[in-house]
$ cat target_3.pdb   # PDB, C-alpha atoms
ATOM      1  CA  MET A 118     163.941 115.915 126.290
ATOM      2  CA  PRO A 119     165.370 115.584 129.804
ATOM      3  CA  GLU A 120     165.613 111.895 130.660
ATOM      4  CA  LEU A 121     165.969 110.119 134.001
ATOM      5  CA  PRO A 122     169.490 111.430 134.834
ATOM      6  CA  GLU A 123     168.590 115.034 134.037
ATOM      7  CA  VAL A 124     165.347 114.862 136.046
ATOM      8  CA  GLU A 125     167.162 113.203 138.942
ATOM      9  CA  THR A 126     169.793 115.957 138.823
ATOM     10  CA  VAL A 127     167.026 118.586 139.016
ATOM     11  CA  ARG A 128     165.325 116.693 141.860
ATOM     12  CA  ARG A 129     168.506 116.658 143.915
ATOM     13  CA  GLY A 130     169.099 120.334 143.271
ATOM     14  CA  LEU A 131     165.566 121.285 144.302
ATOM     15  CA  GLU A 132     165.702 119.219 147.465
ATOM     16  CA  GLN A 133     169.022 120.738 148.474
ATOM     17  CA  LYS A 134     168.170 124.346 147.620
ATOM     18  CA  LEU A 135     164.576 124.606 148.788
ATOM     19  CA  LYS A 136     164.832 123.746 152.453
ATOM     20  CA  ASN A 137     161.977 125.417 154.373
ATOM     21  CA  PHE A 138     160.601 127.010 151.186
ATOM     22  CA  ILE A 139     156.968 127.927 151.926
ATOM     23  CA  ILE A 140     155.054 129.216 148.912
ATOM     24  CA  LYS A 141     153.456 132.559 149.719
ATOM     25  CA  ARG A 142     152.718 133.793 146.214
ATOM     26  CA  VAL A 143     152.092 132.065 142.887
ATOM     27  CA  GLU A 144     152.290 133.832 139.546
ATOM     28  CA  ILE A 145     151.104 132.025 136.424
ATOM     29  CA  CYS A 146     152.691 133.585 133.343
ATOM     30  CA  ARG A 147     151.321 131.017 130.906
ATOM     31  CA  GLU A 148     148.051 129.305 131.816
ATOM     32  CA  SER A 149     148.550 126.269 129.560
ATOM     33  CA  THR A 150     151.466 125.192 131.775
ATOM     34  CA  VAL A 151     148.962 124.345 134.518
ATOM     35  CA  ALA A 152     147.331 121.057 133.520
ATOM     36  CA  TYR A 153     145.349 120.496 136.747
ATOM     37  CA  PRO A 154     143.178 121.757 138.371
ATOM     38  CA  ILE A 155     141.280 123.194 135.420
ATOM     39  CA  ASP A 156     140.497 126.372 137.360
ATOM     40  CA  LYS A 157     143.859 128.148 137.730
ATOM     41  CA  LYS A 158     142.637 129.852 140.902
ATOM     42  CA  ASP A 159     142.420 126.418 142.522
ATOM     43  CA  PHE A 160     146.043 125.765 141.524
ATOM     44  CA  ILE A 161     147.172 129.042 143.097
ATOM     45  CA  GLU A 162     145.134 128.613 146.275
ATOM     46  CA  GLY A 163     146.236 124.994 146.557
ATOM     47  CA  LEU A 164     149.922 125.907 146.544
ATOM     48  CA  GLN A 165     149.765 129.029 148.716
ATOM     49  CA  ASN A 166     151.135 128.558 152.250
ATOM     50  CA  SER A 167     152.493 125.141 151.265
ATOM     51  CA  LEU A 168     155.901 123.875 152.296
ATOM     52  CA  LEU A 169     157.782 122.094 149.514
ATOM     53  CA  TYR A 170     158.463 119.259 151.906
ATOM     54  CA  LYS A 171     160.151 116.527 149.881
ATOM     55  CA  TRP A 172     161.056 116.020 146.207
ATOM     56  CA  ASN A 173     160.647 112.627 144.545
ATOM     57  CA  ARG A 174     161.031 111.380 140.988
ATOM     58  CA  ARG A 175     158.990 108.803 139.056
ATOM     59  CA  GLY A 176     160.320 108.206 135.567
ATOM     60  CA  LYS A 177     160.638 111.697 134.069
ATOM     61  CA  TYR A 178     158.156 113.261 136.519
ATOM     62  CA  LEU A 179     159.171 115.441 139.476
ATOM     63  CA  ILE A 180     156.861 115.059 142.477
ATOM     64  CA  ALA A 181     156.975 117.476 145.416
ATOM     65  CA  GLU A 182     155.189 116.457 148.596
ATOM     66  CA  LEU A 183     153.358 119.449 150.040
ATOM     67  CA  LYS A 184     152.443 120.354 153.600
ATOM     68  CA  LYS A 185     150.079 123.257 154.253
ATOM     69  CA  ASN A 186     151.025 125.741 156.949
ATOM     70  CA  VAL A 187     147.727 126.316 158.770
ATOM     71  CA  SER A 188     149.232 128.632 161.390
ATOM     72  CA  ASN A 189     150.298 132.256 161.104
ATOM     73  CA  ASN A 190     153.874 131.381 161.996
ATOM     74  CA  ILE A 191     156.641 131.653 159.443
ATOM     75  CA  ASP A 192     159.354 130.313 161.739
ATOM     76  CA  ALA A 193     160.282 126.850 160.424
ATOM     77  CA  ASN A 194     160.388 125.512 164.000
ATOM     78  CA  GLU A 195     156.876 126.698 164.854
ATOM     79  CA  LEU A 196     154.851 125.644 161.837
ATOM     80  CA  SER A 197     151.560 123.811 162.081
ATOM     81  CA  LEU A 198     151.490 121.572 159.021
ATOM     82  CA  GLU A 199     148.878 119.406 157.339
ATOM     83  CA  GLU A 200     149.307 117.113 154.314
ATOM     84  CA  ASN A 201     148.415 118.989 151.134
ATOM     85  CA  GLY A 202     148.873 116.541 148.280
ATOM     86  CA  VAL A 203     151.600 116.928 145.668
ATOM     87  CA  LEU A 204     152.919 119.270 142.999
ATOM     88  CA  VAL A 205     153.845 117.230 139.914
ATOM     89  CA  VAL A 206     156.070 118.613 137.141
ATOM     90  CA  HIS A 207     157.005 117.245 133.728
ATOM     91  CA  LEU A 208     159.790 119.253 132.075
ATOM     92  CA  ARG A 209     159.112 117.846 128.568
ATOM     93  CA  MET A 210     161.500 119.205 125.920
ATOM     94  CA  THR A 211     162.892 122.458 127.279
ATOM     95  CA  GLY A 212     161.595 123.060 130.808
ATOM     96  CA  TYR A 213     163.918 123.930 133.684
ATOM     97  CA  PHE A 214     163.957 125.725 137.053
ATOM     98  CA  THR A 215     166.051 128.586 138.346
ATOM     99  CA  PHE A 216     166.320 129.824 141.931
ATOM    100  CA  ASN A 217     166.574 133.587 142.452
ATOM    101  CA  ASN A 218     167.259 135.179 145.842
ATOM    102  CA  THR A 219     166.926 138.702 144.472
ATOM    103  CA  LEU A 220     163.970 140.161 142.602
ATOM    104  CA  THR A 221     164.596 140.162 138.862
ATOM    105  CA  ASN A 222     162.331 140.630 135.879
ATOM    106  CA  PRO A 223     161.259 137.335 134.293
ATOM    107  CA  CYS A 224     162.388 136.456 130.785
ATOM    108  CA  LYS A 225     159.753 135.990 128.069
ATOM    109  CA  HIS A 226     159.875 132.205 128.475
ATOM    110  CA  THR A 227     159.003 132.256 132.182
ATOM    111  CA  ARG A 228     155.856 130.177 132.795
ATOM    112  CA  ILE A 229     155.400 129.839 136.581
ATOM    113  CA  ARG A 230     156.842 131.840 139.491
ATOM    114  CA  LEU A 231     156.756 130.687 143.120
ATOM    115  CA  PHE A 232     157.791 133.107 145.894
ATOM    116  CA  ASP A 233     158.385 132.597 149.606
ATOM    117  CA  ASN A 234     158.115 135.113 152.483
ATOM    118  CA  HIS A 235     161.607 136.442 151.776
ATOM    119  CA  ASN A 236     160.917 136.976 148.057
ATOM    120  CA  ASN A 237     163.132 134.069 147.103
ATOM    121  CA  GLU A 238     161.800 132.812 143.781
ATOM    122  CA  LEU A 239     161.574 129.376 142.200
ATOM    123  CA  ARG A 240     161.072 130.171 138.522
ATOM    124  CA  TYR A 241     159.966 127.680 135.877
ATOM    125  CA  ILE A 242     161.180 128.515 132.355
ATOM    126  CA  ASP A 243     160.157 126.652 129.217
ATOM    127  CA  VAL A 244     161.060 127.881 125.732
ATOM    128  CA  ARG A 245     158.813 125.485 123.817
ATOM    129  CA  SER A 246     156.079 125.453 126.484
ATOM    130  CA  PHE A 247     155.431 121.697 126.420
ATOM    131  CA  GLY A 248     156.079 121.269 130.151
ATOM    132  CA  GLN A 249     153.179 120.892 132.577
ATOM    133  CA  MET A 250     152.340 121.153 136.262
ATOM    134  CA  TRP A 251     149.610 119.535 138.348
ATOM    135  CA  TRP A 252     148.522 120.266 141.895
ATOM    136  CA  VAL A 253     146.853 117.099 143.100
ATOM    137  CA  GLY A 254     145.164 117.711 146.440
ATOM    138  CA  GLU A 255     145.316 115.415 149.444
ATOM    139  CA  GLY A 256     143.126 112.330 149.020
ATOM    140  CA  LEU A 257     143.278 112.376 145.211
ATOM    141  CA  SER A 258     145.377 109.935 143.166
ATOM    142  CA  PRO A 259     148.036 111.454 140.879
ATOM    143  CA  ASN A 260     148.174 108.159 138.964
ATOM    144  CA  LYS A 261     144.516 108.557 137.997
ATOM    145  CA  ILE A 262     144.651 112.267 137.204
ATOM    146  CA  ILE A 263     147.897 112.402 135.220
ATOM    147  CA  ASN A 264     147.953 110.463 131.969
ATOM    148  CA  GLY A 265     151.133 108.424 131.759
ATOM    149  CA  LEU A 266     152.116 108.531 135.426
ATOM    150  CA  GLY A 267     150.013 105.528 136.397
ATOM    151  CA  THR A 268     151.196 103.370 133.495
ATOM    152  CA  LEU A 269     154.946 103.722 134.046
ATOM    153  CA  GLY A 270     157.043 100.586 134.142
ATOM    154  CA  PRO A 271     159.565  99.828 136.905
ATOM    155  CA  GLU A 272     162.412 102.193 137.698
ATOM    156  CA  PRO A 273     165.765 101.033 136.262
ATOM    157  CA  PHE A 274     167.323 101.085 139.749
ATOM    158  CA  SER A 275     164.519  99.068 141.350
ATOM    159  CA  GLN A 276     164.540  95.358 142.157
ATOM    160  CA  ASN A 277     161.589  94.899 139.797
ATOM    161  CA  PHE A 278     163.790  95.713 136.812
ATOM    162  CA  ASN A 279     165.537  92.368 136.503
ATOM    163  CA  ALA A 280     166.287  89.638 133.966
ATOM    164  CA  ASN A 281     163.120  87.651 134.705
ATOM    165  CA  TYR A 282     160.928  90.716 134.227
ATOM    166  CA  LEU A 283     162.542  91.849 130.985
ATOM    167  CA  THR A 284     162.663  88.312 129.580
ATOM    168  CA  LYS A 285     158.934  87.930 130.153
ATOM    169  CA  VAL A 286     158.124  91.339 128.671
ATOM    170  CA  ILE A 287     160.066  90.903 125.429
ATOM    171  CA  SER A 288     159.562  87.174 124.862
ATOM    172  CA  ASN A 289     156.921  87.693 122.148
ATOM    173  CA  LYS A 290     157.803  91.211 120.992
ATOM    174  CA  SER A 291     158.809  91.670 117.357
ATOM    175  CA  ARG A 292     159.535  95.363 117.965
ATOM    176  CA  SER A 293     163.149  96.499 118.013
ATOM    177  CA  ILE A 294     164.951  96.370 121.334
ATOM    178  CA  LYS A 295     165.560 100.124 120.976
ATOM    179  CA  SER A 296     161.816 100.811 120.895
ATOM    180  CA  ILE A 297     161.370  98.582 123.950
ATOM    181  CA  LEU A 298     163.835 100.669 125.931
ATOM    182  CA  LEU A 299     161.992 103.853 124.935
ATOM    183  CA  ASP A 300     158.609 102.469 126.015
ATOM    184  CA  GLN A 301     157.828 104.150 129.350
ATOM    185  CA  THR A 302     155.265 101.462 130.222
ATOM    186  CA  ILE A 303     158.090  98.893 130.184
ATOM    187  CA  ILE A 304     160.951 100.875 131.763
ATOM    188  CA  ALA A 305     160.485 104.335 133.276
ATOM    189  CA  GLY A 306     162.798 107.210 132.464
ATOM    190  CA  ILE A 307     164.938 106.041 129.536
ATOM    191  CA  GLY A 308     164.980 108.220 126.434
ATOM    192  CA  ASN A 309     166.902 108.342 123.181
ATOM    193  CA  ILE A 310     170.349 109.202 124.518
ATOM    194  CA  TYR A 311     170.532 106.503 127.160
ATOM    195  CA  ALA A 312     168.886 103.839 125.028
ATOM    196  CA  ASP A 313     171.629 104.290 122.413
ATOM    197  CA  GLU A 314     174.402 104.368 124.999
ATOM    198  CA  SER A 315     173.079 101.335 126.909
ATOM    199  CA  LEU A 316     172.763  99.214 123.769
ATOM    200  CA  TYR A 317     176.286 100.129 122.718
ATOM    201  CA  SER A 318     177.641  99.259 126.158
ATOM    202  CA  ALA A 319     175.812  95.902 126.023
ATOM    203  CA  GLY A 320     177.018  95.189 122.470
ATOM    204  CA  ILE A 321     173.461  94.756 121.165
ATOM    205  CA  SER A 322     172.226  96.134 117.851
ATOM    206  CA  PRO A 323     169.327  98.568 118.337
ATOM    207  CA  PHE A 324     167.592  96.981 115.319
ATOM    208  CA  ARG A 325     167.347  93.471 116.783
ATOM    209  CA  GLU A 326     163.829  92.157 117.367
ATOM    210  CA  ALA A 327     163.322  92.165 121.124
ATOM    211  CA  ARG A 328     162.299  88.493 121.181
ATOM    212  CA  THR A 329     165.696  87.485 119.729
ATOM    213  CA  ILE A 330     167.629  88.862 122.701
ATOM    214  CA  LYS A 331     169.032  85.947 124.693
ATOM    215  CA  LYS A 332     169.057  85.615 128.482
ATOM    216  CA  ASN A 333     172.772  86.388 128.849
ATOM    217  CA  GLU A 334     172.312  89.463 126.607
ATOM    218  CA  ILE A 335     169.365  90.605 128.698
ATOM    219  CA  LYS A 336     171.491  90.443 131.841
ATOM    220  CA  ARG A 337     174.231  92.384 130.075
ATOM    221  CA  LEU A 338     171.735  95.000 128.885
ATOM    222  CA  ILE A 339     170.294  95.510 132.371
ATOM    223  CA  ARG A 340     173.788  96.040 133.787
ATOM    224  CA  ALA A 341     174.540  98.480 130.961
ATOM    225  CA  VAL A 342     171.353 100.493 131.543
ATOM    226  CA  VAL A 343     172.045 100.861 135.266
ATOM    227  CA  ASP A 344     175.727 101.672 134.724
ATOM    228  CA  VAL A 345     175.113 104.278 132.015
ATOM    229  CA  LEU A 346     172.375 106.014 134.022
ATOM    230  CA  LYS A 347     174.493 106.103 137.186
ATOM    231  CA  LYS A 348     177.434 107.593 135.301
ATOM    232  CA  SER A 349     175.211 110.240 133.760
ATOM    233  CA  ILE A 350     173.656 111.194 137.094
ATOM    234  CA  GLY A 351     177.171 111.554 138.480
ATOM    235  CA  ALA A 352     177.992 113.891 135.576
ATOM    236  CA  GLY A 353     174.837 115.952 136.091
ATOM    237  CA  GLY A 354     173.077 114.782 132.906
ATOM    238  CA  THR A 355     174.005 115.516 129.299
ATOM    239  CA  THR A 356     174.994 118.687 127.488
ATOM    240  CA  PHE A 357     172.695 117.926 124.553
ATOM    241  CA  SER A 358     169.383 119.870 124.336
ATOM    242  CA  ASP A 359     168.313 122.824 126.480
ATOM    243  CA  PHE A 360     168.695 121.019 129.790
ATOM    244  CA  ARG A 361     169.809 123.173 132.737
ATOM    245  CA  ASP A 362     170.122 122.282 136.390
ATOM    246  CA  LEU A 363     168.909 124.578 139.176
ATOM    247  CA  GLU A 364     172.114 126.611 138.952
ATOM    248  CA  GLY A 365     171.700 127.084 135.198
ATOM    249  CA  GLU A 366     174.493 124.647 134.335
ATOM    250  CA  ASN A 367     174.567 122.016 131.574
ATOM    251  CA  GLY A 368     175.390 118.413 132.376
ATOM    252  CA  ASN A 369     178.743 116.895 131.453
ATOM    253  CA  PHE A 370     177.767 113.407 130.299
ATOM    254  CA  GLY A 371     177.587 114.541 126.673
ATOM    255  CA  LEU A 372     181.366 114.743 126.707
ATOM    256  CA  GLN A 373     181.506 111.007 127.466
ATOM    257  CA  THR A 374     178.993 109.484 125.020
ATOM    258  CA  ASN A 375     180.201 106.594 122.898
ATOM    259  CA  VAL A 376     177.687 106.718 120.049
ATOM    260  CA  TYR A 377     175.027 109.371 120.626
ATOM    261  CA  ARG A 378     175.609 112.330 118.268
ATOM    262  CA  ARG A 379     178.948 110.874 117.164
ATOM    263  CA  THR A 380     177.815 110.052 113.611
ATOM    264  CA  GLY A 381     180.801 109.640 111.304
ATOM    265  CA  LYS A 382     183.306 109.627 114.158
ATOM    266  CA  LYS A 383     185.446 106.620 115.046
ATOM    267  CA  CYS A 384     184.139 104.072 117.526
ATOM    268  CA  ARG A 385     186.144 104.345 120.727
ATOM    269  CA  GLN A 386     186.667 100.563 120.726
ATOM    270  CA  CYS A 387     187.039  99.317 117.141
ATOM    271  CA  LYS A 388     187.617 102.585 115.212
ATOM    272  CA  ASN A 389     184.727 101.742 112.861
ATOM    273  CA  LEU A 390     182.626 104.813 111.986
ATOM    274  CA  ILE A 391     179.509 105.462 114.085
ATOM    275  CA  GLU A 392     176.308 105.326 112.012
ATOM    276  CA  ARG A 393     172.910 106.949 112.394
ATOM    277  CA  GLN A 394     169.492 105.755 111.249
ATOM    278  CA  LYS A 395     165.933 106.339 112.415
ATOM    279  CA  ILE A 396     163.904 103.798 114.382
ATOM    280  CA  SER A 397     160.252 104.698 114.921
ATOM    281  CA  GLY A 398     161.045 108.287 113.999
ATOM    282  CA  ARG A 399     163.937 108.575 116.475
ATOM    283  CA  SER A 400     167.562 109.024 115.449
ATOM    284  CA  THR A 401     169.568 105.983 116.479
ATOM    285  CA  HIS A 402     173.354 105.908 116.765
ATOM    286  CA  TRP A 403     175.323 102.656 116.773
ATOM    287  CA  CYS A 404     178.518 100.849 115.790
ATOM    288  CA  ARG A 405     177.847  98.151 113.219
ATOM    289  CA  LYS A 406     180.965  96.211 114.261
ATOM    290  CA  CYS A 407     180.608  96.318 118.057
ATOM    291  CA  GLN A 408     176.833  95.810 118.206
ATOM    292  CA  LYS A 409     175.339  92.558 116.951
TER
END

$ encode --input "target_3.pdb" --output "structure tokens"
Amino acid sequence: MPELPEVETVRRGLEQKLKNFIIKRVEICRESTVAYPIDKKDFIEGLQNSLLYKWNRRGKYLIAELKKNVSNNIDANELSLEENGVLVVHLRMTGYFTFNNTLTNPCKHTRIRLFDNHNNELRYIDVRSFGQMWWVGEGLSPNKIINGLGTLGPEPFSQNFNANYLTKVISNKSRSIKSILLDQTIIAGIGNIYADESLYSAGISPFREARTIKKNEIKRLIRAVVDVLKKSIGAGGTTFSDFRDLEGENGNFGLQTNVYRRTGKKCRQCKNLIERQKISGRSTHWCRKCQK
């Protein structure tokens, strides 16, 4: 599943590529992709004539601010715009966007197609079809409509994600520290890859009970989380899974991982063999010697 770095990479690509993109036509190829509104006609009508004004990210959600063009002008300098809520996207396991400036036939995994006046197309493709989209109109709360969005914990790059916060959260938790990092209500955006890599970087065993993590280890873990995520964003995400950016490219961070999917290979630091074991149903990769 795309995690914070992959979603942030997509967000940046969309914001850069879709300047002055006003949706003139919406084609729904798979109705289950639209989670809200229930009536798909409302989704189509809600997006039509809307400028994709600004792209944000919250955890693993993409959020596009929309402005409705209420004039007949198509010149970007002469638009009459009104706030029109947001388009929210969750890529889930295999969702990704492509941008097409020539008309091409959609592949069988195409789920949503958005066209502008010049027939430029923003195409959403999703092999496993777990991804979802919501159009939340102006005046409505996305946090109330979208399950999971309103319960997200702080962003890893925010001031709220600090040693005092994490110490308080885990002080009475007997769950593993790995499961804490995966809990989106505690920290938004971290998934399996970056939990493993952050714990390795911090020298903390993924199997440790969260309440046993000491204050100096917590500070080290926070620094590791931020550092690993920043490096991955700089590399455009990971090569593992079906992740693609807007240009159809894989990320490069997978070439740099220290433990994730390196089972049986030598640790880059101590040369001990990397091990793999499941925690709460998720494959966990770690070095028994470097992580205590």

$ closest_atom_pairs --input "target_3.pdb" --of "region 205-266 of chain A" --to "region 161-181 of chain A" --cutoff "12 Å" --atoms "all atoms listed in the file" --output "Markdown table"
| residue | atom | partner | partner_atom | distance |
| --- | --- | --- | --- | --- |
| A:Val205 | CA | A:Ile180 | CA | 4.5 |
| A:Val206 | CA | A:Leu179 | CA | 5.0 |
| A:His207 | CA | A:Tyr178 | CA | 5.0 |
| A:Leu208 | CA | A:Tyr178 | CA | 7.6 |
| A:Arg209 | CA | A:Lys177 | CA | 8.4 |
| A:Met210 | CA | A:Lys177 | CA | 11.1 |
| A:Gly212 | CA | A:Leu179 | CA | 11.8 |
| A:Tyr213 | CA | A:Leu179 | CA | 11.3 |
| A:Phe214 | CA | A:Leu179 | CA | 11.6 |
| A:Ile229 | CA | A:Ile161 | CA | 10.5 |
| A:Arg230 | CA | A:Ile161 | CA | 10.7 |
| A:Leu231 | CA | A:Leu164 | CA | 9.0 |
| A:Phe232 | CA | A:Gln165 | CA | 9.4 |
| A:Asp233 | CA | A:Asn166 | CA | 8.7 |
| A:Asn234 | CA | A:Asn166 | CA | 9.6 |
| A:Leu239 | CA | A:Leu169 | CA | 11.0 |
| A:Gly248 | CA | A:Tyr178 | CA | 10.4 |
| A:Gln249 | CA | A:Tyr178 | CA | 9.9 |
| A:Met250 | CA | A:Leu179 | CA | 9.5 |
| A:Trp251 | CA | A:Ile180 | CA | 9.5 |
| A:Trp252 | CA | A:Gly163 | CA | 7.0 |
| A:Val253 | CA | A:Gly163 | CA | 8.6 |
| A:Gly254 | CA | A:Gly163 | CA | 7.4 |
| A:Glu255 | CA | A:Gly163 | CA | 10.0 |
| A:Pro259 | CA | A:Ile180 | CA | 9.7 |
| A:Asn260 | CA | A:Arg175 | CA | 10.8 |
| A:Ile263 | CA | A:Tyr178 | CA | 10.4 |
| A:Asn264 | CA | A:Tyr178 | CA | 11.5 |
| A:Gly265 | CA | A:Tyr178 | CA | 9.8 |
| A:Leu266 | CA | A:Tyr178 | CA | 7.7 |

$ residues_around --input "target_3.pdb" --residues "region 389-404 of chain A" --least-positions-apart "3" --cutoff "8 Å" --atoms "all atoms listed in the file" --output "PDB file with C-alpha atoms, keeping the file's coordinate frame"
ATOM      1  CA  LYS A 295     165.560 100.124 120.976  1.00  0.00           C
ATOM      2  CA  SER A 296     161.816 100.811 120.895  1.00  0.00           C
ATOM      3  CA  ASN A 309     166.902 108.342 123.181  1.00  0.00           C
ATOM      4  CA  ASP A 313     171.629 104.290 122.413  1.00  0.00           C
ATOM      5  CA  TYR A 317     176.286 100.129 122.718  1.00  0.00           C
ATOM      6  CA  SER A 322     172.226  96.134 117.851  1.00  0.00           C
ATOM      7  CA  PRO A 323     169.327  98.568 118.337  1.00  0.00           C
ATOM      8  CA  PHE A 324     167.592  96.981 115.319  1.00  0.00           C
ATOM      9  CA  VAL A 376     177.687 106.718 120.049  1.00  0.00           C
ATOM     10  CA  TYR A 377     175.027 109.371 120.626  1.00  0.00           C
ATOM     11  CA  ARG A 378     175.609 112.330 118.268  1.00  0.00           C
ATOM     12  CA  ARG A 379     178.948 110.874 117.164  1.00  0.00           C
ATOM     13  CA  THR A 380     177.815 110.052 113.611  1.00  0.00           C
ATOM     14  CA  GLY A 381     180.801 109.640 111.304  1.00  0.00           C
ATOM     15  CA  LYS A 382     183.306 109.627 114.158  1.00  0.00           C
ATOM     16  CA  LYS A 383     185.446 106.620 115.046  1.00  0.00           C
ATOM     17  CA  CYS A 384     184.139 104.072 117.526  1.00  0.00           C
ATOM     18  CA  CYS A 407     180.608  96.318 118.057  1.00  0.00           C
ATOM     19  CA  GLN A 408     176.833  95.810 118.206  1.00  0.00           C
TER      20      GLN A 408
END

$ closest_residue --input "target_3.pdb" --among "A:Ile294, A:Val345, A:Ile330, A:Ile262" --to "Tyr311 (chain A)" --atoms "all atoms listed in the file"
A:Val345

$ resolve_selection --input "target_3.pdb" --expression "the PyMOL selection byres ((chain A and resi 302) around 6)" --output "list in words"
Thr268, Leu269, Gly270, Asp300, Gln301, Ile303 and Ile304 of chain A

$ closest_residue --input "target_3.pdb" --among "A:Ser291, A:Gln386, A:Thr150, A:Gln133" --to "Tyr241 (chain A)" --atoms "only C-alpha atoms"
A:Thr150

$ resolve_selection --input "target_3.pdb" --expression "the PyMOL selection byres ((chain A and resi 334) around 12)" --output "list in words"
Ala280, Leu283, Thr284, Ile294, Ser315, Leu316, Ser318, Ala319, Gly320, Ile321, Ser322, Arg325, Ala327, Arg328, Thr329, Ile330, Lys331, Lys332, Asn333, Ile335, Lys336, Arg337, Leu338, Ile339, Arg340, Ala341, Gln408 and Lys409 of chain A

$ atom_distance --input "target_3.pdb" --atom1 "CA of Thr219 (chain A)" --atom2 "CA of Arg245 (chain A)"
25.8 Å

$ closest_residue --input "target_3.pdb" --among "A:Lys347, A:Ser275, A:Arg147, A:Lys136" --to "Lys225 (chain A)" --atoms "only C-alpha atoms"
A:Arg147

$ atom_distance --input "target_3.pdb" --atom1 "CA of Arg240 (chain A)" --atom2 "CA of Pro223 (chain A)"
8.3 Å

$ atom_distance --input "target_3.pdb" --atom1 "CA of Glu182 (chain A)" --atom2 "CA of Asn201 (chain A)"
7.7 Å

$ closest_residue --input "target_3.pdb" --among "A:Leu204, A:Leu121, A:Ile242, A:Val187" --to "Ala305 (chain A)" --atoms "all atoms listed in the file"
A:Leu121

$ resolve_selection --input "target_3.pdb" --expression "the PyMOL selection byres ((chain A and resi 197) around 9)" --output "list of chain:residue names"
A:Lys185, A:Asn186, A:Val187, A:Ser188, A:Asn189, A:Asn190, A:Glu195, A:Leu196, A:Leu198, A:Glu199

$ closest_residue --input "target_3.pdb" --among "A:Asp243, A:Glu148, A:Glu123, A:Asp344" --to "Thr211 (chain A)" --atoms "only C-alpha atoms"
A:Asp243

$ residues_around --input "target_3.pdb" --residues "Glu120 (chain A)" --least-positions-apart "5" --cutoff "7 Å" --atoms "only C-alpha atoms" --output "MDAnalysis selection string"
chainID A and resid 177 306:308
